[in-house]
file data_36.cif (mmCIF, C-alpha atoms)
data_model
#
loop_
_atom_site.label_atom_id
_atom_site.label_comp_id
_atom_site.auth_asym_id
_atom_site.auth_seq_id
_atom_site.Cartn_x
_atom_site.Cartn_y
_atom_site.Cartn_z
CA MET A 1 284.31 143.62 109.29
CA ARG A 2 283.50 140.59 111.39
CA LEU A 3 281.34 140.47 114.49
CA ASN A 4 281.92 138.07 117.35
CA CYS A 5 278.37 136.91 118.02
CA PRO A 6 278.02 135.77 121.66
CA HIS A 7 275.99 132.79 120.45
CA CYS A 8 277.62 131.77 117.17
CA GLY A 9 281.18 133.01 117.41
CA GLU A 10 282.94 135.17 114.85
CA ARG A 11 280.85 135.60 111.70
CA SER A 12 281.08 137.76 108.62
CA LEU A 13 279.32 141.10 108.42
CA GLU A 14 277.05 139.89 105.62
CA GLU A 15 275.18 137.74 108.14
CA PHE A 16 274.10 140.76 110.18
CA THR A 17 271.75 143.67 109.61
CA TYR A 18 272.23 147.06 111.23
CA ARG A 19 269.10 147.93 113.19
CA GLY A 20 269.86 151.34 114.61
CA ASP A 21 271.05 153.28 117.61
CA ALA A 22 271.06 151.21 120.81
CA THR A 23 271.35 154.21 123.08
CA LEU A 24 267.90 155.62 122.38
CA ARG A 25 265.51 155.59 125.30
CA ARG A 26 261.76 155.94 124.90
CA PRO A 27 260.50 159.11 126.62
CA ALA A 28 257.83 159.00 129.30
CA ALA A 29 254.28 159.07 127.98
CA ASP A 30 253.80 162.65 129.23
CA ALA A 31 257.14 163.90 127.87
CA SER A 32 257.23 167.04 125.78
CA ALA A 33 256.63 167.04 122.02
CA LYS A 34 260.25 168.06 121.57
CA SER A 35 261.40 164.92 123.40
CA TRP A 36 259.18 162.75 121.19
CA VAL A 37 260.37 164.41 118.00
CA ASP A 38 263.92 163.87 119.14
CA TYR A 39 263.22 160.21 119.93
CA VAL A 40 261.35 159.43 116.72
CA TYR A 41 263.18 161.50 114.11
CA LEU A 42 266.50 162.89 115.23
CA ARG A 43 269.69 160.85 115.30
CA ASP A 44 273.19 161.76 116.35
CA ASN A 45 276.13 160.90 114.14
CA PRO A 46 278.77 160.25 116.75
CA ALA A 47 282.46 160.00 115.99
CA GLY A 48 283.96 157.41 118.33
CA ARG A 49 282.54 154.60 120.41
CA HIS A 50 278.88 154.00 119.88
CA GLU A 51 276.37 151.27 120.73
CA GLU A 52 274.29 149.89 117.89
CA TYR A 53 271.66 147.19 117.47
CA TRP A 54 272.51 144.47 114.96
CA TYR A 55 270.34 141.51 113.99
CA HIS A 56 272.00 138.17 113.27
CA GLY A 57 269.58 137.05 110.57
CA ALA A 58 271.84 134.41 109.02
CA GLY A 59 272.77 132.84 112.33
CA CYS A 60 271.09 132.70 115.72
CA ARG A 61 268.51 135.32 114.73
CA ALA A 62 269.19 137.22 117.93
CA TRP A 63 269.39 140.96 118.44
CA LEU A 64 272.80 142.11 119.55
CA VAL A 65 274.30 145.30 120.95
CA VAL A 66 277.61 146.13 119.28
CA ASP A 67 279.96 148.61 120.94
CA ARG A 68 281.82 149.96 117.91
CA ASP A 69 284.17 152.86 117.21
CA THR A 70 282.72 154.66 114.20
CA THR A 71 286.04 156.25 113.33
CA THR A 72 288.23 153.14 113.42
CA HIS A 73 285.57 150.40 113.01
CA ARG A 74 287.12 148.64 115.99
CA VAL A 75 284.51 146.48 117.73
CA HIS A 76 284.95 146.68 121.48
CA SER A 77 282.22 144.25 122.48
CA VAL A 78 279.17 142.38 121.26
CA ARG A 79 276.49 141.26 123.68
CA ALA A 80 272.98 139.95 123.43
CA ALA A 81 270.32 142.65 123.61
CA GLY A 82 268.05 141.83 126.51
CA SER A 83 270.77 139.91 128.32
CA THR A 84 271.11 140.30 132.04
CA SER A 85 273.81 142.90 131.69
CA GLU A 86 271.70 144.80 129.19
CA ASN A 87 268.65 144.82 131.46
CA THR A 88 270.73 145.79 134.43
CA ARG A 89 272.16 148.69 132.52
CA LEU A 90 268.76 149.84 131.27
CA ASN A 91 267.19 149.57 134.70
CA HIS A 92 270.08 151.51 136.14
CA GLU A 93 269.67 154.24 133.55
CA HIS A 94 265.92 154.44 134.12
CA ALA A 95 266.26 154.53 137.92
CA MET B 1 235.60 112.88 100.42
CA PRO B 2 239.08 114.30 101.00
CA ASP B 3 242.10 112.23 100.17
CA PRO B 4 243.57 110.55 103.20
CA LEU B 5 246.88 111.86 104.47
CA LEU B 6 249.62 109.48 103.44
CA PRO B 7 253.10 109.56 104.88
CA LYS B 8 255.60 110.48 102.21
CA PRO B 9 259.34 110.99 102.48
CA ALA B 10 260.41 114.63 102.50
CA VAL B 11 262.63 114.11 99.46
CA GLN B 12 262.79 111.48 96.76
CA PRO B 13 264.90 109.57 96.02
CA SER B 14 265.99 109.33 99.61
CA SER B 15 269.63 108.84 98.62
CA VAL B 16 271.70 110.11 95.68
CA THR B 17 275.38 109.52 94.93
CA VAL B 18 277.58 111.79 92.81
CA ASN B 19 281.33 111.34 92.36
CA GLY B 20 281.63 109.29 95.52
CA LEU B 21 279.60 111.75 97.59
CA THR B 22 276.28 110.61 99.01
CA LEU B 23 273.34 112.77 100.04
CA ALA B 24 270.79 110.82 102.03
CA LEU B 25 267.71 111.52 104.07
CA ALA B 26 268.38 110.57 107.68
CA GLN B 27 266.13 108.14 109.50
CA THR B 28 263.35 110.03 111.26
CA ARG B 29 264.15 110.56 114.90
CA GLU B 30 261.92 111.74 117.69
CA THR B 31 262.67 115.40 118.24
CA VAL B 32 261.44 117.63 121.04
CA SER B 33 262.35 121.30 121.38
CA ILE B 34 263.16 122.50 124.87
CA GLY B 35 262.66 126.15 125.79
CA PRO B 36 263.70 126.71 129.39
CA PHE B 37 261.59 129.10 131.43
CA ALA B 38 263.26 132.14 132.95
CA LYS B 39 265.83 131.28 135.62
CA CYS B 40 265.06 127.55 135.30
CA LEU B 41 268.13 126.50 133.32
CA PRO B 42 270.17 125.25 136.32
CA ASP B 43 267.31 123.11 137.66
CA LEU B 44 266.53 121.85 134.18
CA ASN B 45 270.14 120.83 133.60
CA ALA B 46 270.19 119.06 136.94
CA ALA B 47 267.05 117.13 136.01
CA LEU B 48 268.43 116.16 132.60
CA ALA B 49 271.74 115.15 134.11
CA SER B 50 270.08 112.87 136.64
CA ALA B 51 267.87 111.21 134.04
CA PHE B 52 270.09 111.13 130.97
CA GLY B 53 273.60 112.00 132.13
CA ALA B 54 273.74 115.03 129.84
CA THR B 55 273.03 118.73 130.09
CA LEU B 56 272.02 121.34 127.53
CA PRO B 57 275.19 122.47 125.74
CA ALA B 58 275.98 126.11 126.38
CA ASP B 59 277.60 126.57 122.98
CA PHE B 60 276.42 125.46 119.56
CA SER B 61 277.26 121.79 119.81
CA THR B 62 275.69 118.40 120.38
CA THR B 63 276.10 116.24 123.47
CA SER B 64 275.06 112.64 123.98
CA GLY B 65 273.42 111.08 126.99
CA HIS B 66 271.96 107.76 128.10
CA ASP B 67 269.41 105.84 126.03
CA GLY B 68 270.54 107.39 122.75
CA LEU B 69 269.56 110.92 123.76
CA GLN B 70 271.25 113.76 121.93
CA LEU B 71 270.95 117.40 122.95
CA THR B 72 271.65 120.06 120.34
CA ARG B 73 271.58 123.77 120.80
CA ALA B 74 269.17 124.82 118.06
CA ALA B 75 268.67 128.55 118.57
CA HIS B 76 269.05 131.33 121.06
CA HIS B 77 267.73 129.79 124.30
CA GLN B 78 266.32 126.73 122.55
CA TRP B 79 267.58 123.17 122.35
CA PHE B 80 266.51 120.04 120.51
CA ALA B 81 266.41 116.65 122.17
CA HIS B 82 266.71 113.76 119.73
CA ALA B 83 266.15 110.06 120.23
CA GLN B 84 265.50 107.07 118.02
CA ALA B 85 261.99 106.52 116.75
CA GLY B 86 259.92 104.67 119.33
CA ALA B 87 261.96 105.92 122.27
CA GLY B 88 259.00 107.76 123.79
CA LEU B 89 261.08 110.88 124.23
CA MET B 90 258.25 113.31 124.90
CA ALA B 91 256.70 111.02 127.51
CA ARG B 92 260.03 110.87 129.32
CA LEU B 93 260.67 114.62 129.12
CA VAL B 94 257.23 115.86 130.20
CA PRO B 95 257.50 114.88 133.90
CA LEU B 96 261.18 115.80 133.94
CA CYS B 97 260.69 119.31 132.57
CA ALA B 98 257.37 120.16 134.28
CA GLY B 99 257.53 123.79 135.44
CA LEU B 100 261.02 124.19 134.03
CA ALA B 101 260.67 124.35 130.26
CA ALA B 102 258.26 124.47 127.35
CA LEU B 103 258.33 121.29 125.26
CA THR B 104 257.16 121.00 121.67
CA ASN B 105 257.16 117.91 119.53
CA GLN B 106 259.25 118.75 116.46
CA THR B 107 259.51 115.24 115.02
CA ASP B 108 257.65 116.10 111.84
CA SER B 109 258.82 119.70 111.56
CA ARG B 110 262.37 119.08 110.43
CA VAL B 111 264.34 116.54 108.49
CA THR B 112 268.06 115.95 108.26
CA LEU B 113 270.01 115.56 105.03
CA CYS B 114 273.32 113.77 105.45
CA LEU B 115 276.18 114.60 103.09
CA ARG B 116 278.91 111.98 103.30
CA GLY B 117 282.18 111.31 101.54
CA THR B 118 285.56 112.83 100.81
CA GLY B 119 285.12 116.42 99.71
CA ALA B 120 281.88 116.93 101.61
CA ASP B 121 283.28 120.06 103.23
CA ALA B 122 284.29 121.55 99.87
CA VAL B 123 280.81 120.95 98.47
CA ALA B 124 279.09 122.29 101.59
CA ALA B 125 281.33 125.37 101.53
CA LYS B 126 279.65 126.40 98.28
CA LEU B 127 276.43 126.91 100.23
CA VAL B 128 277.28 127.82 103.80
CA PRO B 129 279.28 130.85 104.97
CA VAL B 130 280.74 129.33 108.14
CA ASP B 131 284.34 128.19 108.52
CA LEU B 132 284.32 124.39 108.19
CA ALA B 133 288.02 123.88 108.95
CA PRO B 134 288.36 120.86 111.27
CA ASP B 135 290.10 122.86 113.98
CA HIS B 136 287.19 125.33 113.97
CA PHE B 137 284.22 123.10 113.18
CA GLY B 138 285.17 119.70 114.51
CA PRO B 139 283.12 116.64 115.45
CA GLY B 140 280.13 117.61 117.60
CA SER B 141 280.08 121.18 116.31
CA THR B 142 276.79 122.77 115.34
CA ALA B 143 276.06 126.09 113.64
CA LEU B 144 272.93 128.00 112.81
CA THR B 145 273.47 129.39 109.37
CA LEU B 146 272.12 129.63 105.84
CA ALA B 147 272.67 127.08 103.07
CA GLY B 148 272.08 129.32 100.11
CA HIS B 149 268.92 131.10 101.19
CA ILE B 150 267.65 128.31 103.46
CA PRO B 151 268.08 128.40 107.25
CA VAL B 152 269.75 125.21 108.47
CA ILE B 153 271.24 123.69 111.56
CA LEU B 154 274.59 122.47 110.30
CA SER B 155 276.44 119.84 112.28
CA ARG B 156 279.42 117.57 112.00
CA PRO B 157 278.41 114.32 113.69
CA ASP B 158 281.78 112.55 113.92
CA VAL B 159 285.26 112.27 112.45
CA THR B 160 284.16 110.66 109.18
CA PRO B 161 283.98 113.16 106.30
CA GLY B 162 280.47 114.52 106.27
CA LEU B 163 277.99 117.08 107.46
CA ASP B 164 274.33 117.02 108.49
CA PHE B 165 271.87 119.69 107.37
CA THR B 166 268.78 119.85 109.57
CA VAL B 167 266.10 121.89 107.86
CA PHE B 168 262.40 122.64 108.02
CA ARG B 169 260.66 119.81 106.23
CA SER B 170 258.96 122.20 103.80
CA PHE B 171 262.40 123.44 102.67
CA ALA B 172 263.92 119.98 102.36
CA ARG B 173 263.29 119.56 98.62
CA SER B 174 264.83 122.92 97.79
CA LEU B 175 267.84 122.25 99.98
CA HIS B 176 268.23 118.77 98.54
CA HIS B 177 268.22 120.28 95.05
CA ASP B 178 270.81 122.91 95.99
CA ILE B 179 273.17 120.38 97.58
CA HIS B 180 272.69 117.98 94.68
CA VAL B 181 273.63 120.73 92.21
CA ALA B 182 276.67 121.60 94.32
CA MET B 183 277.69 117.92 94.32
CA LYS B 184 277.37 117.70 90.54
CA GLY B 185 279.47 120.85 90.19
CA GLY B 186 282.37 118.95 91.70
CA ILE B 187 285.06 120.01 94.08
CA PRO B 188 286.55 123.44 93.23
CA ASN B 189 290.18 123.47 92.13
CA SER B 190 290.91 125.80 95.03
CA GLU B 191 290.03 122.96 97.41
CA ARG B 192 292.22 120.39 95.63
CA VAL B 193 295.35 120.88 97.68
#
call {"tool": "encode", "arguments": {"input": "data_36.cif", "output": "structure tokens"}}
result
Amino acid sequence: MRLNCPHCGERSLEEFTYRGDATLRRPAADASAKSWVDYVYLRDNPAGRHEEYWYHGAGCRAWLVVDRDTTTHRVHSVRAAGSTSENTRLNHEHA
Amino acid sequence: MPDPLLPKPAVQPSSVTVNGLTLALAQTRETVSIGPFAKCLPDLNAALASAFGATLPADFSTTSGHDGLQLTRAAHHQWFAHAQAGAGLMARLVPLCAGLAALTNQTDSRVTLCLRGTGADAVAAKLVPVDLAPDHFGPGSTALTLAGHIPVILSRPDVTPGLDFTVFRSFARSLHHDIHVAMKGGIPNSERV
């Protein structure tokens, strides 16, 4: 598998480290214990398109969000975590 | 009484030659890192363009401007400005970048090892995982990558066979050793086409 880093271009998978589910959202401070348990411990195992954090340790050392199909391994997009589009999306979701 | 600090080259000898390939320590250049503040990149580029005729490259490459200035993208949202020793680079950049970017003198933080000669790509390919094919990594190209286990800024300065490895000064001896070993190992048969 190769990932098309938005900073470095297409690089081999060995340069990247999987850093977890990019769809998790931290609950509000006064959220229920169940919400916190779900956030801290429980993970879905989706079949299909999924957004994941990857770290480009052997390149630009940036955190990336990879939109990947877990059943076909097709990579739909790779963008920088924290980029404008990312923040816009998060703000929209939190609104 | 502590010993006085004496300037020493990062690697010795400063140049080695193996089978027609040369690995040499580049002349020290003035280097300043530029970290643009949020939303200041357009104004910063305009200021650099007016003063030096060059802007910060958006991709991993190196551009040249007036007075020997070179701008290299060195990391995510960070660039290096290089100029010859004695150019007074920081003094010129400070008023230009005031309120637009953070500047840090990196002159002593990194050194550049220059690998030159036919087969340089084949030797470098033993250490770096990036595609060095000329149509992919041509003159002016730059890549952040690893040479063995050492983070480097790899660049191809021009059309002559050769690559530059810019590395933290404290890693220079290890990198020099690794490249030297790769040079002595020769060019792999797979590259002799």
call {"tool": "resolve_selection", "arguments": {"input": "data_36.cif", "expression": "the PyMOL selection byres ((chain A) within 6 of (chain B))", "output": "ChimeraX atom specification"}}
result
/A:58-60
call {"tool": "atom_distance", "arguments": {"input": "data_36.cif", "atom1": "atom CA of Glu10 of chain A", "atom2": "atom CA of Gly138 of chain B"}}
result
15.6 Å
call {"tool": "closest_atom_pairs", "arguments": {"input": "data_36.cif", "of": "segment 21-139 of chain B", "to": "segment 169-186 of chain B", "cutoff": "10 Å", "atoms": "all atoms listed in the file", "output": "CSV"}}
result
residue,atom,partner,partner_atom,distance
B:Leu21,CA,B:Met183,CA,7.2
B:Thr22,CA,B:Met183,CA,8.8
B:Leu23,CA,B:His180,CA,7.5
B:Ala24,CA,B:His176,CA,9.1
B:Leu25,CA,B:His176,CA,9.1
B:Thr107,CA,B:Arg169,CA,10.0
B:Asp108,CA,B:Arg169,CA,7.4
B:Ser109,CA,B:Arg169,CA,5.6
B:Arg110,CA,B:Arg169,CA,4.6
B:Val111,CA,B:Arg169,CA,5.4
B:Thr112,CA,B:Ala172,CA,8.3
B:Leu113,CA,B:His176,CA,7.5
B:Cys114,CA,B:His176,CA,9.9
B:Leu115,CA,B:Ile179,CA,8.5
B:Gly119,CA,B:Gly186,CA,8.8
B:Ala120,CA,B:Met183,CA,8.5
B:Ala122,CA,B:Gly186,CA,8.8
B:Val123,CA,B:Ala182,CA,5.9
B:Ala124,CA,B:Ile179,CA,7.4
B:Ala125,CA,B:Ala182,CA,9.4
B:Lys126,CA,B:Ala182,CA,6.9
B:Leu127,CA,B:Ile179,CA,7.8
call {"tool": "residues_around", "arguments": {"input": "data_36.cif", "residues": "Thr71 of chain A", "least_positions_apart": "2", "cutoff": "10 Å", "atoms": "all atoms listed in the file", "output": "JSON list (two decimals) with C-alpha atoms, in the coordinates of the input"}}
result
[["chain", "number", "residue", "atom", "x", "y", "z"],
["A", 46, "PRO", "CA", 278.77, 160.25, 116.75],
["A", 47, "ALA", "CA", 282.46, 160.00, 115.99],
["A", 48, "GLY", "CA", 283.96, 157.41, 118.33],
["A", 49, "ARG", "CA", 282.54, 154.60, 120.41],
["A", 50, "HIS", "CA", 278.88, 154.00, 119.88],
["A", 68, "ARG", "CA", 281.82, 149.96, 117.91],
["A", 69, "ASP", "CA", 284.17, 152.86, 117.21],
["A", 73, "HIS", "CA", 285.57, 150.40, 113.01],
["A", 74, "ARG", "CA", 287.12, 148.64, 115.99]]
call {"tool": "resolve_selection", "arguments": {"input": "data_36.cif", "expression": "the PyMOL selection byres ((chain B and resi 69) around 12)", "output": "PyMOL selection string"}}
result
chain B and resi 29-32+48-49+51-56+62-68+70-72+80-85+87-90+92-93
call {"tool": "resolve_selection", "arguments": {"input": "data_36.cif", "expression": "the PyMOL selection byres ((chain A and resi 12-22) around 6)", "output": "PDB file with C-alpha atoms, keeping the file's coordinate frame"}}
result
ATOM      1  CA  MET A   1     284.310 143.620 109.290  1.00  0.00           C
ATOM      2  CA  ARG A   2     283.500 140.590 111.390  1.00  0.00           C
ATOM      3  CA  ARG A  11     280.850 135.600 111.700  1.00  0.00           C
ATOM      4  CA  THR A  23     271.350 154.210 123.080  1.00  0.00           C
ATOM      5  CA  LEU A  24     267.900 155.620 122.380  1.00  0.00           C
ATOM      6  CA  GLU A  51     276.370 151.270 120.730  1.00  0.00           C
ATOM      7  CA  GLU A  52     274.290 149.890 117.890  1.00  0.00           C
ATOM      8  CA  TYR A  53     271.660 147.190 117.470  1.00  0.00           C
ATOM      9  CA  TRP A  54     272.510 144.470 114.960  1.00  0.00           C
ATOM     10  CA  TYR A  55     270.340 141.510 113.990  1.00  0.00           C
ATOM     11  CA  HIS A  56     272.000 138.170 113.270  1.00  0.00           C
ATOM     12  CA  GLY A  57     269.580 137.050 110.570  1.00  0.00           C
ATOM     13  CA  ALA A  58     271.840 134.410 109.020  1.00  0.00           C
TER      14      ALA A  58
END
call {"tool": "atom_distance", "arguments": {"input": "data_36.cif", "atom1": "atom CA of Pro42 of chain B", "atom2": "atom CA of Leu100 of chain B"}}
result
9.5 Å
call {"tool": "atom_distance", "arguments": {"input": "data_36.cif", "atom1": "atom CA of Ala91 of chain B", "atom2": "atom CA of Leu41 of chain B"}}
result
20.1 Å
call {"tool": "closest_residue", "arguments": {"input": "data_36.cif", "among": "B:Val128, B:Ala38, B:Ala47, B:Ala133", "to": "Leu154 of chain B", "atoms": "all atoms listed in the file"}}
result
B:Val128
call {"tool": "residues_near_point", "arguments": {"input": "data_36.cif", "point": "(285.3, 106.9, 93.8)", "cutoff": "10 Å", "atoms": "only C-alpha atoms", "output": "ChimeraX atom specification"}}
result
/B:18-21,117-118
call {"tool": "residues_near_point", "arguments": {"input": "data_36.cif", "point": "(262.1, 125.8, 127.0)", "cutoff": "8 Å", "atoms": "all atoms listed in the file", "output": "PyMOL selection string"}}
result
chain B and resi 33-37+77-79+100-103
call {"tool": "write_last_selection", "arguments": {"input": "data_36.cif", "atoms": "C-alpha atoms", "output": "compact mmCIF listing (two decimals), in the frame of the given file"}}
result
# COMPACT_ATOMS: atom_id res chain seq x y z
CA SER B 33 262.35 121.30 121.38
CA ILE B 34 263.16 122.50 124.87
CA GLY B 35 262.66 126.15 125.79
CA PRO B 36 263.70 126.71 129.39
CA PHE B 37 261.59 129.10 131.43
CA HIS B 77 267.73 129.79 124.30
CA GLN B 78 266.32 126.73 122.55
CA TRP B 79 267.58 123.17 122.35
CA LEU B 100 261.02 124.19 134.03
CA ALA B 101 260.67 124.35 130.26
CA ALA B 102 258.26 124.47 127.35
CA LEU B 103 258.33 121.29 125.26
